[in-house]
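*Asks:* TSV, C-alpha atoms and all ligand atoms, saved as input28.tsv, coming up:
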```tsv
chain	number	residue	atom	x	y	z
C	150	MET	CA	45.55	-86.34	-32.86
C	151	ALA	CA	44.23	-83.52	-30.69
C	152	GLU	CA	42.98	-84.18	-27.18
C	153	PRO	CA	39.21	-84.04	-26.76
C	154	PRO	CA	37.95	-80.73	-25.33
C	155	VAL	CA	37.76	-80.13	-21.61
C	156	LEU	CA	34.24	-79.46	-20.39
C	157	ILE	CA	33.96	-76.65	-17.81
C	158	ARG	CA	30.58	-76.80	-16.10
C	159	GLN	CA	28.55	-73.89	-14.73
C	160	ASP	CA	29.49	-74.51	-11.08
C	161	GLU	CA	33.15	-74.72	-12.07
C	162	VAL	CA	33.00	-71.43	-13.99
C	163	GLU	CA	31.23	-69.88	-10.99
C	164	GLY	CA	34.06	-70.99	-8.73
C	165	LEU	CA	36.77	-69.74	-11.12
C	166	LEU	CA	35.47	-66.39	-12.29
C	167	HIS	CA	35.77	-63.59	-9.72
C	168	TYR	CA	35.17	-59.89	-10.30
C	169	LYS	CA	38.48	-58.94	-8.68
C	170	ASP	CA	40.30	-60.80	-11.49
C	171	LEU	CA	37.75	-60.23	-14.20
C	172	ILE	CA	37.57	-56.43	-13.98
C	173	PRO	CA	41.28	-55.66	-14.50
C	174	ARG	CA	41.51	-58.23	-17.30
C	175	LEU	CA	38.47	-56.76	-18.98
C	176	GLU	CA	39.94	-53.28	-18.72
C	177	VAL	CA	43.04	-54.41	-20.57
C	178	ALA	CA	41.04	-56.28	-23.22
C	179	LEU	CA	38.63	-53.38	-23.67
C	180	GLY	CA	41.54	-50.99	-24.10
C	181	LYS	CA	43.00	-53.16	-26.85
C	182	PHE	CA	39.65	-53.52	-28.59
C	183	SER	CA	39.15	-49.76	-28.46
C	184	LYS	CA	42.29	-49.16	-30.49
C	185	LEU	CA	40.43	-50.61	-33.48
C	186	ASP	CA	43.66	-52.31	-34.56
C	187	SER	CA	43.02	-55.61	-36.31
C	188	ALA	CA	46.65	-56.60	-35.71
C	189	GLU	CA	45.70	-56.76	-32.03
C	190	VAL	CA	42.05	-57.85	-31.77
C	191	ILE	CA	39.74	-59.31	-34.40
C	192	GLN	CA	36.13	-59.25	-33.29
C	193	PRO	CA	33.55	-58.82	-36.03
C	194	VAL	CA	30.02	-57.66	-35.22
C	195	ARG	CA	28.11	-60.77	-34.21
C	196	THR	CA	26.14	-62.77	-36.71
C	197	THR	CA	22.55	-63.27	-35.60
C	198	VAL	CA	20.28	-66.04	-36.83
C	199	PRO	CA	16.57	-65.36	-36.17
C	200	LEU	CA	14.57	-68.19	-34.56
C	201	GLN	CA	11.21	-66.74	-35.54
C	202	LYS	CA	9.21	-69.74	-34.36
C	203	TYR	CA	10.52	-69.23	-30.82
C	204	ASN	CA	10.77	-65.44	-30.75
C	205	GLY	CA	14.52	-65.66	-30.36
C	206	PHE	CA	17.95	-65.47	-31.96
C	207	LEU	CA	21.19	-67.41	-32.12
C	208	GLY	CA	24.17	-65.07	-31.85
C	209	LEU	CA	27.65	-66.14	-33.02
C	210	MET	CA	30.37	-64.09	-31.36
C	211	PRO	CA	33.92	-65.03	-32.41
C	212	ALA	CA	37.06	-63.18	-31.34
C	213	TYR	CA	40.81	-63.53	-31.75
C	214	LEU	CA	43.36	-61.82	-29.50
C	215	VAL	CA	46.34	-61.89	-31.82
C	216	HIS	CA	49.31	-61.43	-29.45
C	217	GLU	CA	47.88	-63.60	-26.70
C	218	ASP	CA	46.91	-66.16	-29.38
C	219	ILE	CA	43.46	-66.63	-27.84
C	220	LEU	CA	40.78	-67.79	-30.25
C	221	CYS	CA	37.28	-68.29	-28.95
C	222	THR	CA	33.64	-67.85	-29.70
C	223	LYS	CA	30.49	-67.52	-27.72
C	224	LEU	CA	27.31	-69.09	-29.04
C	225	VAL	CA	24.25	-67.59	-27.42
C	226	CYS	CA	20.55	-68.14	-27.90
C	227	PHE	CA	18.42	-65.31	-26.58
C	228	TYR	CA	14.67	-64.86	-26.54
C	229	LYS	CA	11.90	-62.40	-25.91
C	230	ARG	CA	9.81	-64.14	-23.26
C	231	GLU	CA	6.22	-63.54	-22.27
C	232	SER	CA	5.60	-62.18	-18.78
C	233	GLY	CA	5.40	-65.15	-16.40
C	234	SER	CA	7.37	-67.51	-18.70
C	235	THR	CA	9.67	-69.88	-16.83
C	236	LEU	CA	11.95	-70.43	-19.86
C	237	PRO	CA	15.40	-68.79	-19.77
C	238	SER	CA	16.02	-65.57	-21.72
C	239	THR	CA	19.59	-66.55	-22.66
C	240	GLN	CA	21.57	-69.77	-22.95
C	241	ALA	CA	25.24	-69.51	-23.81
C	242	THR	CA	28.28	-71.68	-24.44
C	243	VAL	CA	31.87	-70.51	-24.96
C	244	LEU	CA	34.32	-72.51	-27.11
C	245	LEU	CA	38.08	-72.05	-26.79
C	246	PHE	CA	40.21	-73.18	-29.77
C	247	ASP	CA	43.81	-74.09	-30.39
C	248	PRO	CA	44.40	-71.41	-33.05
C	249	GLU	CA	47.23	-73.34	-34.76
C	250	TYR	CA	45.77	-76.81	-34.86
C	251	GLY	CA	42.15	-75.71	-35.10
C	252	ASN	CA	40.64	-78.05	-32.56
C	253	VAL	CA	38.32	-77.06	-29.70
C	254	LYS	CA	40.27	-77.15	-26.42
C	255	ALA	CA	37.49	-76.28	-24.02
C	256	VAL	CA	33.72	-76.09	-23.97
C	257	MET	CA	32.61	-73.76	-21.19
C	258	ASP	CA	29.26	-72.98	-19.76
C	259	GLY	CA	28.49	-69.45	-20.93
C	260	GLU	CA	25.73	-68.54	-18.51
C	261	VAL	CA	27.92	-67.38	-15.66
C	262	ILE	CA	30.39	-65.85	-18.13
C	263	THR	CA	27.56	-63.83	-19.70
C	264	ALA	CA	26.18	-62.75	-16.34
C	265	LYS	CA	29.53	-61.73	-14.86
C	266	ARG	CA	31.20	-60.35	-17.97
C	267	THR	CA	28.26	-58.11	-18.83
C	268	ALA	CA	27.93	-56.81	-15.28
C	269	ALA	CA	31.67	-56.27	-14.94
C	270	VAL	CA	31.74	-54.09	-18.06
C	271	SER	CA	28.85	-52.04	-16.70
C	272	ALA	CA	30.81	-51.60	-13.47
C	273	ILE	CA	33.86	-50.45	-15.44
C	274	SER	CA	31.71	-47.90	-17.26
C	275	ALA	CA	30.38	-46.67	-13.91
C	276	LYS	CA	33.88	-46.40	-12.51
C	277	LEU	CA	34.71	-44.04	-15.38
C	278	LEU	CA	31.49	-42.16	-15.79
C	279	MET	CA	29.36	-42.05	-12.65
C	280	PRO	CA	29.28	-38.94	-10.45
C	281	ALA	CA	32.08	-38.81	-7.86
C	282	LYS	CA	29.82	-39.20	-4.81
C	283	SER	CA	27.31	-41.72	-6.09
C	284	GLU	CA	24.96	-42.86	-3.34
C	285	VAL	CA	21.87	-44.29	-5.03
C	286	LEU	CA	21.87	-47.24	-7.45
C	287	THR	CA	18.66	-48.22	-9.25
C	288	ILE	CA	18.30	-51.49	-11.12
C	289	LEU	CA	15.45	-51.76	-13.65
C	290	GLY	CA	14.66	-55.45	-14.22
C	291	ALA	CA	14.98	-58.28	-11.72
C	292	GLY	CA	16.38	-61.27	-13.63
C	293	HIS	CA	19.83	-62.82	-14.07
C	294	GLN	CA	21.56	-59.66	-15.20
C	295	ALA	CA	19.96	-57.70	-12.39
C	296	LEU	CA	21.51	-60.05	-9.86
C	297	SER	CA	24.99	-60.06	-11.40
C	298	HIS	CA	24.86	-56.26	-11.68
C	299	TYR	CA	23.75	-55.99	-8.04
C	300	ASN	CA	26.64	-58.24	-6.99
C	301	VAL	CA	29.40	-56.44	-8.87
C	302	PHE	CA	28.13	-52.92	-8.14
C	303	THR	CA	27.84	-53.55	-4.41
C	304	GLU	CA	31.20	-55.38	-4.34
C	305	THR	CA	32.97	-52.57	-6.22
C	306	PHE	CA	31.29	-49.40	-4.92
C	307	SER	CA	29.69	-48.17	-1.70
C	308	PHE	CA	26.11	-47.13	-2.42
C	309	LYS	CA	23.98	-45.97	0.49
C	310	GLU	CA	20.82	-47.19	-1.18
C	311	VAL	CA	20.00	-49.82	-3.79
C	312	ARG	CA	16.56	-49.84	-5.45
C	313	VAL	CA	14.90	-52.30	-7.81
C	314	TRP	CA	11.92	-52.09	-10.13
C	315	SER	CA	10.45	-54.85	-12.25
C	316	ARG	CA	7.29	-54.97	-14.35
C	317	ARG	CA	5.89	-57.52	-11.88
C	318	LYS	CA	6.20	-56.41	-8.29
C	319	GLU	CA	6.45	-60.02	-7.02
C	320	THR	CA	9.57	-60.55	-9.17
C	321	ALA	CA	11.19	-57.43	-7.71
C	322	GLU	CA	10.28	-58.60	-4.20
C	323	ARG	CA	11.77	-62.04	-4.82
C	324	PHE	CA	14.88	-60.35	-6.14
C	325	ALA	CA	15.17	-58.14	-3.04
C	326	GLN	CA	14.87	-61.21	-0.82
C	327	SER	CA	17.64	-62.99	-2.72
C	328	THR	CA	20.30	-60.30	-2.35
C	329	GLN	CA	22.83	-60.14	0.46
C	330	GLY	CA	22.25	-56.49	1.30
C	331	HIS	CA	19.10	-54.40	1.65
C	332	VAL	CA	17.27	-53.52	-1.58
C	333	THR	CA	14.09	-51.44	-1.71
C	334	VAL	CA	11.31	-52.38	-4.14
C	335	TRP	CA	9.63	-49.62	-6.15
C	336	GLU	CA	6.36	-49.78	-8.02
C	337	SER	CA	7.09	-47.19	-10.70
C	338	VAL	CA	10.22	-46.50	-12.73
C	339	GLU	CA	9.75	-42.78	-12.23
C	340	GLU	CA	9.93	-43.10	-8.45
C	341	ALA	CA	12.66	-45.72	-8.56
C	342	VAL	CA	15.04	-43.50	-10.55
C	343	ASN	CA	14.19	-40.25	-8.80
C	344	GLY	CA	17.54	-38.88	-7.56
C	345	ALA	CA	19.47	-42.02	-8.62
C	346	ASP	CA	23.16	-41.51	-9.42
C	347	VAL	CA	23.53	-44.77	-11.32
C	348	ILE	CA	20.79	-46.58	-13.23
C	349	VAL	CA	21.23	-50.05	-14.71
C	350	THR	CA	18.65	-51.14	-17.30
C	351	VAL	CA	18.52	-54.93	-17.57
C	352	THR	CA	14.99	-55.58	-18.78
C	353	GLY	CA	13.67	-57.58	-21.70
C	354	ALA	CA	11.69	-54.55	-22.85
C	355	SER	CA	11.25	-53.56	-26.47
C	356	GLU	CA	9.64	-50.18	-25.71
C	357	PRO	CA	11.29	-47.47	-23.58
C	358	VAL	CA	10.94	-47.93	-19.83
C	359	LEU	CA	13.35	-45.15	-18.78
C	360	PHE	CA	12.50	-41.57	-19.72
C	361	GLY	CA	14.99	-38.71	-19.83
C	362	GLN	CA	12.76	-36.35	-17.88
C	363	TRP	CA	13.09	-38.61	-14.81
C	364	VAL	CA	16.89	-38.90	-14.87
C	365	LYS	CA	18.88	-36.39	-12.87
C	366	PRO	CA	21.70	-34.42	-14.51
C	367	GLY	CA	25.05	-36.16	-14.07
C	368	ALA	CA	23.53	-39.61	-13.55
C	369	HIS	CA	25.15	-42.58	-15.22
C	370	VAL	CA	23.01	-45.11	-17.09
C	371	ALA	CA	24.37	-48.54	-18.02
C	372	ALA	CA	21.97	-49.81	-20.67
C	373	VAL	CA	22.19	-53.56	-21.17
C	374	GLY	CA	18.85	-55.03	-22.22
C	375	ALA	CA	17.96	-53.63	-25.65
C	376	CYS	CA	20.31	-55.65	-27.82
C	377	ARG	CA	18.27	-55.78	-31.01
C	378	PRO	CA	17.78	-52.96	-33.53
C	379	ASP	CA	14.04	-52.87	-32.76
C	380	TRP	CA	14.28	-53.14	-28.94
C	381	ARG	CA	14.31	-50.10	-26.69
C	382	GLU	CA	14.78	-49.37	-23.01
C	383	LEU	CA	15.55	-45.64	-23.20
C	384	ASP	CA	13.44	-42.88	-24.72
C	385	ASP	CA	14.51	-40.35	-27.34
C	386	VAL	CA	14.87	-37.53	-24.82
C	387	LEU	CA	17.38	-39.49	-22.77
C	388	MET	CA	19.30	-40.58	-25.87
C	389	ARG	CA	19.52	-37.03	-27.18
C	390	GLN	CA	20.55	-35.32	-23.98
C	391	ALA	CA	23.19	-37.87	-22.99
C	392	GLU	CA	26.82	-38.37	-23.80
C	393	VAL	CA	26.89	-41.91	-25.18
C	394	TYR	CA	29.77	-44.37	-24.95
C	395	VAL	CA	29.91	-47.76	-26.65
C	396	ASP	CA	32.57	-50.41	-27.07
C	397	SER	CA	32.02	-50.82	-30.76
C	398	ARG	CA	30.65	-48.16	-33.07
C	399	GLU	CA	30.08	-50.81	-35.72
C	400	GLY	CA	28.18	-53.00	-33.29
C	401	ALA	CA	26.18	-50.18	-31.76
C	402	VAL	CA	24.92	-48.81	-35.06
C	403	ALA	CA	23.95	-52.32	-36.18
C	404	GLU	CA	22.38	-53.63	-32.97
C	405	SER	CA	21.34	-50.97	-30.49
C	406	GLY	CA	17.66	-50.06	-30.89
C	407	ASP	CA	18.15	-47.16	-28.49
C	408	ILE	CA	20.79	-45.66	-30.78
C	409	ILE	CA	19.20	-46.56	-34.11
C	410	LEU	CA	15.57	-45.66	-33.35
C	411	SER	CA	16.21	-42.48	-31.37
C	412	GLY	CA	17.41	-40.81	-34.57
C	413	CYS	CA	20.53	-39.42	-32.92
C	414	LEU	CA	22.75	-40.95	-35.59
C	415	GLN	CA	21.34	-38.88	-38.42
C	416	SER	CA	21.90	-35.57	-36.67
C	417	LEU	CA	25.41	-36.65	-35.76
C	418	GLU	CA	26.22	-37.62	-39.32
C	419	ARG	CA	25.48	-34.01	-40.24
C	420	PHE	CA	27.58	-32.72	-37.32
C	421	SER	CA	30.49	-35.01	-38.27
C	422	MET	CA	30.42	-33.94	-41.88
C	423	GLU	CA	30.40	-30.29	-40.89
C	424	GLN	CA	33.37	-30.88	-38.57
C	425	ASP	CA	35.07	-33.09	-41.18
C	426	LEU	CA	35.68	-35.86	-38.64
C	427	PRO	CA	36.98	-39.28	-39.71
C	428	LEU	CA	34.57	-42.15	-39.01
C	429	GLU	CA	36.30	-43.48	-35.93
C	430	ARG	CA	36.27	-40.03	-34.30
C	431	ARG	CA	32.63	-39.33	-34.91
C	432	PRO	CA	30.41	-39.01	-31.88
C	433	LEU	CA	27.59	-41.48	-31.46
C	434	CYS	CA	25.27	-39.15	-29.70
C	435	SER	CA	24.72	-35.57	-28.76
C	436	ASN	CA	27.14	-33.55	-26.71
C	437	PRO	CA	29.99	-36.04	-26.96
C	438	LEU	CA	33.24	-35.81	-25.04
C	439	GLU	CA	34.65	-37.88	-27.81
C	440	TRP	CA	33.09	-40.93	-29.27
C	441	GLY	CA	33.74	-43.45	-26.63
C	442	PHE	CA	33.48	-47.06	-25.94
C	443	LYS	CA	31.16	-49.18	-23.95
C	444	MET	CA	29.66	-52.51	-23.62
C	445	GLN	CA	28.56	-55.14	-26.09
C	446	SER	CA	27.38	-52.60	-28.62
C	447	LEU	CA	25.00	-51.01	-26.18
C	448	PRO	CA	25.14	-47.49	-24.91
C	449	SER	CA	26.41	-46.32	-21.62
C	450	LEU	CA	25.04	-42.89	-21.03
C	451	CYS	CA	26.34	-40.08	-19.02
C	452	LEU	CA	24.21	-37.02	-18.50
C	453	ASN	CA	26.51	-34.03	-18.51
C	454	SER	CA	28.75	-35.35	-15.80
C	455	GLY	CA	31.58	-33.11	-16.92
C	456	ARG	CA	34.01	-36.02	-17.01
C	457	THR	CA	36.58	-35.10	-19.62
C	458	ASN	CA	39.43	-37.52	-19.08
C	459	THR	CA	39.04	-39.16	-22.44
C	460	GLU	CA	42.18	-41.26	-22.00
C	461	ASP	CA	40.42	-43.14	-19.19
C	462	LEU	CA	37.49	-43.68	-21.46
C	463	ARG	CA	39.60	-45.59	-23.90
C	464	ILE	CA	38.97	-48.83	-22.07
C	465	MET	CA	35.89	-50.70	-23.18
C	466	GLY	CA	34.82	-53.78	-25.21
C	467	TRP	CA	35.48	-57.38	-24.20
C	468	PRO	CA	36.39	-59.31	-27.31
C	469	TRP	CA	34.60	-62.55	-26.55
C	470	MET	CA	31.01	-61.68	-26.05
Q	501	LIG	N1	24.12	-56.52	-23.52
Q	501	LIG	C1	24.47	-57.74	-23.25
Q	501	LIG	O1	25.62	-58.14	-23.39
Q	501	LIG	C2	23.48	-58.66	-22.71
Q	501	LIG	C3	22.15	-58.34	-22.81
Q	501	LIG	N2	21.22	-59.18	-22.30
Q	501	LIG	C4	19.84	-58.77	-22.38
Q	501	LIG	O2	19.50	-58.20	-21.12
Q	501	LIG	C5	18.13	-58.45	-20.82
Q	501	LIG	C6	18.02	-59.09	-19.46
Q	501	LIG	O3	18.64	-60.36	-19.46
Q	501	LIG	P1	18.43	-61.39	-18.25
Q	501	LIG	O4	18.52	-60.70	-16.96
Q	501	LIG	O5	19.30	-62.55	-18.54
Q	501	LIG	O6	16.89	-61.82	-18.49
Q	501	LIG	P2	15.87	-62.34	-17.42
Q	501	LIG	O7	14.77	-62.98	-18.18
Q	501	LIG	O8	16.54	-63.11	-16.37
Q	501	LIG	O9	15.29	-60.98	-16.77
Q	501	LIG	C7	14.58	-60.04	-17.54
Q	501	LIG	C8	13.92	-59.01	-16.63
Q	501	LIG	O10	13.29	-58.04	-17.45
Q	501	LIG	C9	11.89	-57.96	-17.15
Q	501	LIG	N3	11.16	-57.71	-18.39
Q	501	LIG	C10	10.97	-58.56	-19.41
Q	501	LIG	N4	10.23	-57.96	-20.37
Q	501	LIG	C11	9.99	-56.72	-19.93
Q	501	LIG	C12	9.28	-55.62	-20.47
Q	501	LIG	N5	8.67	-55.71	-21.65
Q	501	LIG	N6	9.22	-54.49	-19.76
Q	501	LIG	C13	9.83	-54.40	-18.58
Q	501	LIG	N7	10.51	-55.41	-17.99
Q	501	LIG	C14	10.58	-56.55	-18.68
Q	501	LIG	C15	11.55	-59.31	-16.55
Q	501	LIG	O11	10.39	-59.21	-15.74
Q	501	LIG	C16	12.83	-59.59	-15.75
Q	501	LIG	O12	12.80	-58.88	-14.53
Q	501	LIG	C17	17.61	-59.30	-21.97
Q	501	LIG	O13	16.99	-58.46	-22.92
Q	501	LIG	C18	18.86	-59.91	-22.58
Q	501	LIG	O14	18.69	-60.24	-23.93
Q	501	LIG	C19	21.60	-60.32	-21.64
Q	501	LIG	C20	22.90	-60.68	-21.55
Q	501	LIG	C21	23.95	-59.88	-22.09
Q	502	LIG	O1	26.45	-60.29	-25.45
Q	502	LIG	C1	25.81	-61.21	-24.95
Q	502	LIG	O2	26.32	-62.07	-24.28
Q	502	LIG	C2	24.37	-61.25	-25.19
Q	502	LIG	N1	23.88	-60.31	-25.88
Q	502	LIG	C3	22.53	-60.25	-26.25
Q	502	LIG	C4	21.65	-61.08	-25.45
Q	502	LIG	C5	22.22	-62.36	-25.09
Q	502	LIG	C6	23.59	-62.32	-24.60
```
Could I get this structure in the form of structure tokens?
Ligand SMILES: NC(=O)C1=CN([C@@H]2O[C@H](COP(=O)(O)OP(=O)(O)OC[C@H]3O[C@@H](n4cnc5c(N)ncnc54)[C@H](O)[C@@H]3O)[C@@H](O)[C@H]2O)C=CC1
Ligand SMILES: O=C(O)C1=NCCCC1

*Replies:*
Amino acid sequence: MAEPPVLIRQDEVEGLLHYKDLIPRLEVALGKFSKLDSAEVIQPVRTTVPLQKYNGFLGLMPAYLVHEDILCTKLVCFYKRESGSTLPSTQATVLLFDPEYGNVKAVMDGEVITAKRTAAVSAISAKLLMPAKSEVLTILGAGHQALSHYNVFTETFSFKEVRVWSRRKETAERFAQSTQGHVTVWESVEEAVNGADVIVTVTGASEPVLFGQWVKPGAHVAAVGACRPDWRELDDVLMRQAEVYVDSREGAVAESGDIILSGCLQSLERFSMEQDLPLERRPLCSNPLEWGFKMQSLPSLCLNSGRTNTEDLRIMGWPWM
């Protein structure tokens, strides 16, 4: 009979999961996922169960790394919360299986994994796509993802200035007090992103908060928050003028409101047909270097940065979550 599963609590995951290990491992996993080879990685688009009564969803996110023989799934509930709500926006658990026997070997807290994994993938996208001398980082949103993004971006890069905006100024101020380094609080998104080299959007918004006319050419945007087909963080102008990278084309066209609702897919379908491109080579958005790969089915945008090393861009897409 199989051993009962090991339980790995949140504080234990926190103590075990460090960006210096996580980032290189993610880069390898993302590279494998990007090959779209089911002999290597099997990770279907997540199944989502609506929890209408609670304005939320249960997402089921299984993955199998064939050669490493790693079988796992994340189970995550996520919600749209009212301003001022004290309830969490996400709650996650990760299960690790013995792929041969079929039993669950470990039950892990998924909160820290979600926070760190998501932020680490954004940092990888920035490493590949942000302007060479990036000095100003702006974070839109001031919750859990904002903090993990602050931590990994300041640990990995050397920004001269970090800014934060949140829809409630008090939340942004609390955030700025909780960080290790200095963060300036801004009252409007327009001012907060003015001149920013890297912009991270980690809000629970369902309407655009970031507008293309405010974003400087060459800036890199890591868009994390709008993970439902009817949620938005970015406006149509930004979506149309950017080069867009995602980890999973399948996932992005099914889940990313910014991609689906901005209408960029339709014009690209026409472009792809004219160019006679096979599906996996088709760009996701205007002015593509190549259709690329970024995080959890959400876009990473790059505004005409001129980065053309598409081999580097082949890493993206963590198979678990
Ligand atoms: N792409 C991915 O893999 C992941 C995406 N997410 C999504 O990222 C977003 C942020 O997650 P957390 O930081 O965990 O949530 P959180 O609840 O800790 O923080 C959310 C932040 O967004 C702000 N916000 C909420 N509604 C807003 C609105 N309508 N307009 C502007 N700001 C608004 C809140 O004031 C808060 O600062 C959520 O939408 C979540 O579903 C979370 C985890 C992973
Ligand atoms: O990929 C994840 O993890 C999540 N995506 C959507 C929101 C909750 C967590």

*Asks:* Pull the closest atom pair for each residue of chain C that gets at most 9 Å from ligand LIG 502 (chain Q), along with the distance in Å to one decimal, counting only C-alpha atoms and all ligand atoms, ordering rows by chain and then ascending residue number, as a tab-separated table.

*Replies:*
```
residue	atom	partner	partner_atom	distance
C:Arg195	CA	Q:LIG502	O1	8.9
C:Phe206	CA	Q:LIG502	C5	8.7
C:Leu207	CA	Q:LIG502	C5	8.7
C:Gly208	CA	Q:LIG502	C5	7.5
C:Met210	CA	Q:LIG502	O1	8.0
C:Lys223	CA	Q:LIG502	O2	7.7
C:Leu224	CA	Q:LIG502	O2	8.5
C:Val225	CA	Q:LIG502	C6	6.0
C:Cys226	CA	Q:LIG502	C5	6.6
C:Phe227	CA	Q:LIG502	C5	5.0
C:Tyr228	CA	Q:LIG502	C4	8.0
C:Ser238	CA	Q:LIG502	C5	7.8
C:Thr239	CA	Q:LIG502	C5	5.5
C:Gln240	CA	Q:LIG502	C5	7.7
C:Ala241	CA	Q:LIG502	C6	7.4
C:Gly259	CA	Q:LIG502	O2	8.4
C:Glu260	CA	Q:LIG502	O2	8.7
C:Ile262	CA	Q:LIG502	O2	8.3
C:Thr263	CA	Q:LIG502	O2	5.1
C:Ala264	CA	Q:LIG502	O2	8.0
C:Arg266	CA	Q:LIG502	O2	8.2
C:Thr267	CA	Q:LIG502	O2	7.0
C:Val373	CA	Q:LIG502	N1	8.4
C:Gly374	CA	Q:LIG502	C4	7.4
C:Ala375	CA	Q:LIG502	C3	8.1
C:Cys376	CA	Q:LIG502	C3	5.3
C:Arg377	CA	Q:LIG502	C3	7.8
C:Met444	CA	Q:LIG502	O1	8.6
C:Gln445	CA	Q:LIG502	O1	5.6
C:Ser446	CA	Q:LIG502	O1	8.4
C:Trp469	CA	Q:LIG502	O1	8.5
C:Met470	CA	Q:LIG502	O1	4.8
```

*Asks:* Using all atoms listed in the file, what residues lie at most 8 Å away from (14.9, -46.1, -13.8) (file coordinates), given as a PyMOL selection string?

*Replies:* chain C and resi 287-289+314+338-343+348-350+358-360+363-364

*Asks:* Output C-alpha atoms of each residue in that selection to a file, as a PDB file, keeping the file's coordinate frame.

*Replies:*
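Below is the file again-v2.pdb, written as the result:
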```
ATOM      1  CA  THR C 287      18.660 -48.220  -9.250  1.00  0.00           C
ATOM      2  CA  ILE C 288      18.300 -51.490 -11.120  1.00  0.00           C
ATOM      3  CA  LEU C 289      15.450 -51.760 -13.650  1.00  0.00           C
ATOM      4  CA  TRP C 314      11.920 -52.090 -10.130  1.00  0.00           C
ATOM      5  CA  VAL C 338      10.220 -46.500 -12.730  1.00  0.00           C
ATOM      6  CA  GLU C 339       9.750 -42.780 -12.230  1.00  0.00           C
ATOM      7  CA  GLU C 340       9.930 -43.100  -8.450  1.00  0.00           C
ATOM      8  CA  ALA C 341      12.660 -45.720  -8.560  1.00  0.00           C
ATOM      9  CA  VAL C 342      15.040 -43.500 -10.550  1.00  0.00           C
ATOM     10  CA  ASN C 343      14.190 -40.250  -8.800  1.00  0.00           C
ATOM     11  CA  ILE C 348      20.790 -46.580 -13.230  1.00  0.00           C
ATOM     12  CA  VAL C 349      21.230 -50.050 -14.710  1.00  0.00           C
ATOM     13  CA  THR C 350      18.650 -51.140 -17.300  1.00  0.00           C
ATOM     14  CA  VAL C 358      10.940 -47.930 -19.830  1.00  0.00           C
ATOM     15  CA  LEU C 359      13.350 -45.150 -18.780  1.00  0.00           C
ATOM     16  CA  PHE C 360      12.500 -41.570 -19.720  1.00  0.00           C
ATOM     17  CA  TRP C 363      13.090 -38.610 -14.810  1.00  0.00           C
ATOM     18  CA  VAL C 364      16.890 -38.900 -14.870  1.00  0.00           C
TER      19      VAL C 364
END
```

*Asks:* Select, from C:Ala269, C:Met388, C:Met279, C:Val285, the residue with the minimum atom-to-atom distance to Asp170 in chain C, counting only C-alpha atoms.

*Replies:* C:Ala269

*Asks:* Residues at most 10 Å from Gln329 in chain C, counting only C-alpha atoms, excluding those fewer than 4 positions away in the same chain, as a list in words?

*Replies:*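 Non-adjacent residues within range: Tyr299, Asn300, Thr303 and Ala325 of chain C.
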
*Asks:* Select, from C:Leu175, C:Ile157, C:Val347, C:Ala354, the residue with the minimum atom-to-atom distance to Leu278 in chain C, counting all atoms listed in the file.

*Replies:*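 Looking at the shortest contact to Leu278 in chain C, the residue is C:Val347.
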
*Asks:* Restricting the calculation to only C-alpha atoms: of C:Gly292, C:Arg389, C:Glu336, C:Pro211, which residue gets closest to Thr235 in chain C?

*Replies:* C:Gly292

*Asks:* Which one is closest to ligand LIG 501 (chain Q): C:Tyr203, C:Phe308, C:Phe324, C:Tyr250? Count only C-alpha atoms and all ligand atoms.

*Replies:*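 Smallest separation from ligand LIG 501 (chain Q) among the options: C:Phe324.
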
*Asks:* So that I can see what lies close to Gly251 in chain C, please list as a PyMOL selection string the residues with an atom at most 12 Å from it, counting only C-alpha atoms and leaving out residues fewer than 5 positions away in the same chain.

*Replies:* chain C and resi 150-152+154+219-221+244-246

*Asks:* Out of C:Val162, C:Val313, C:Ala371, C:Ala291, which residue has the shortest atom-to-atom distance to ligand LIG 501 (chain Q) when counting only C-alpha atoms and all ligand atoms?

*Replies:* C:Ala291

*Asks:* Do you have the CA of Val332 in chain C-CA of Tyr168 in chain C distance handy?

*Replies:*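 If I compute the distance from CA of Val332 in chain C to CA of Tyr168 in chain C, I get 20.9 Å.
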
*Asks:* What is the distance between CA of Arg230 in chain C and CA of His331 in chain C, in Å to one decimal?

*Replies:*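 We find that CA of Arg230 in chain C and CA of His331 in chain C lie 28.3 Å from each other.
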
*Asks:* Work out how far apart CA of Ile191 in chain C and CA of Leu214 in chain C are and give it in Å to one decimal.

*Replies:*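 Computing it gives 6.6 Å between the two atoms.
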
*Asks:* Between C:Arg316, C:Lys265, C:His298, C:Lys276, which is the closest to ligand LIG 501 (chain Q) once you count all atoms listed in the file?

*Replies:*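 Of C:Arg316, C:Lys265, C:His298, C:Lys276, the one nearest ligand LIG 501 (chain Q), counting all atoms listed in the file, is C:Arg316.
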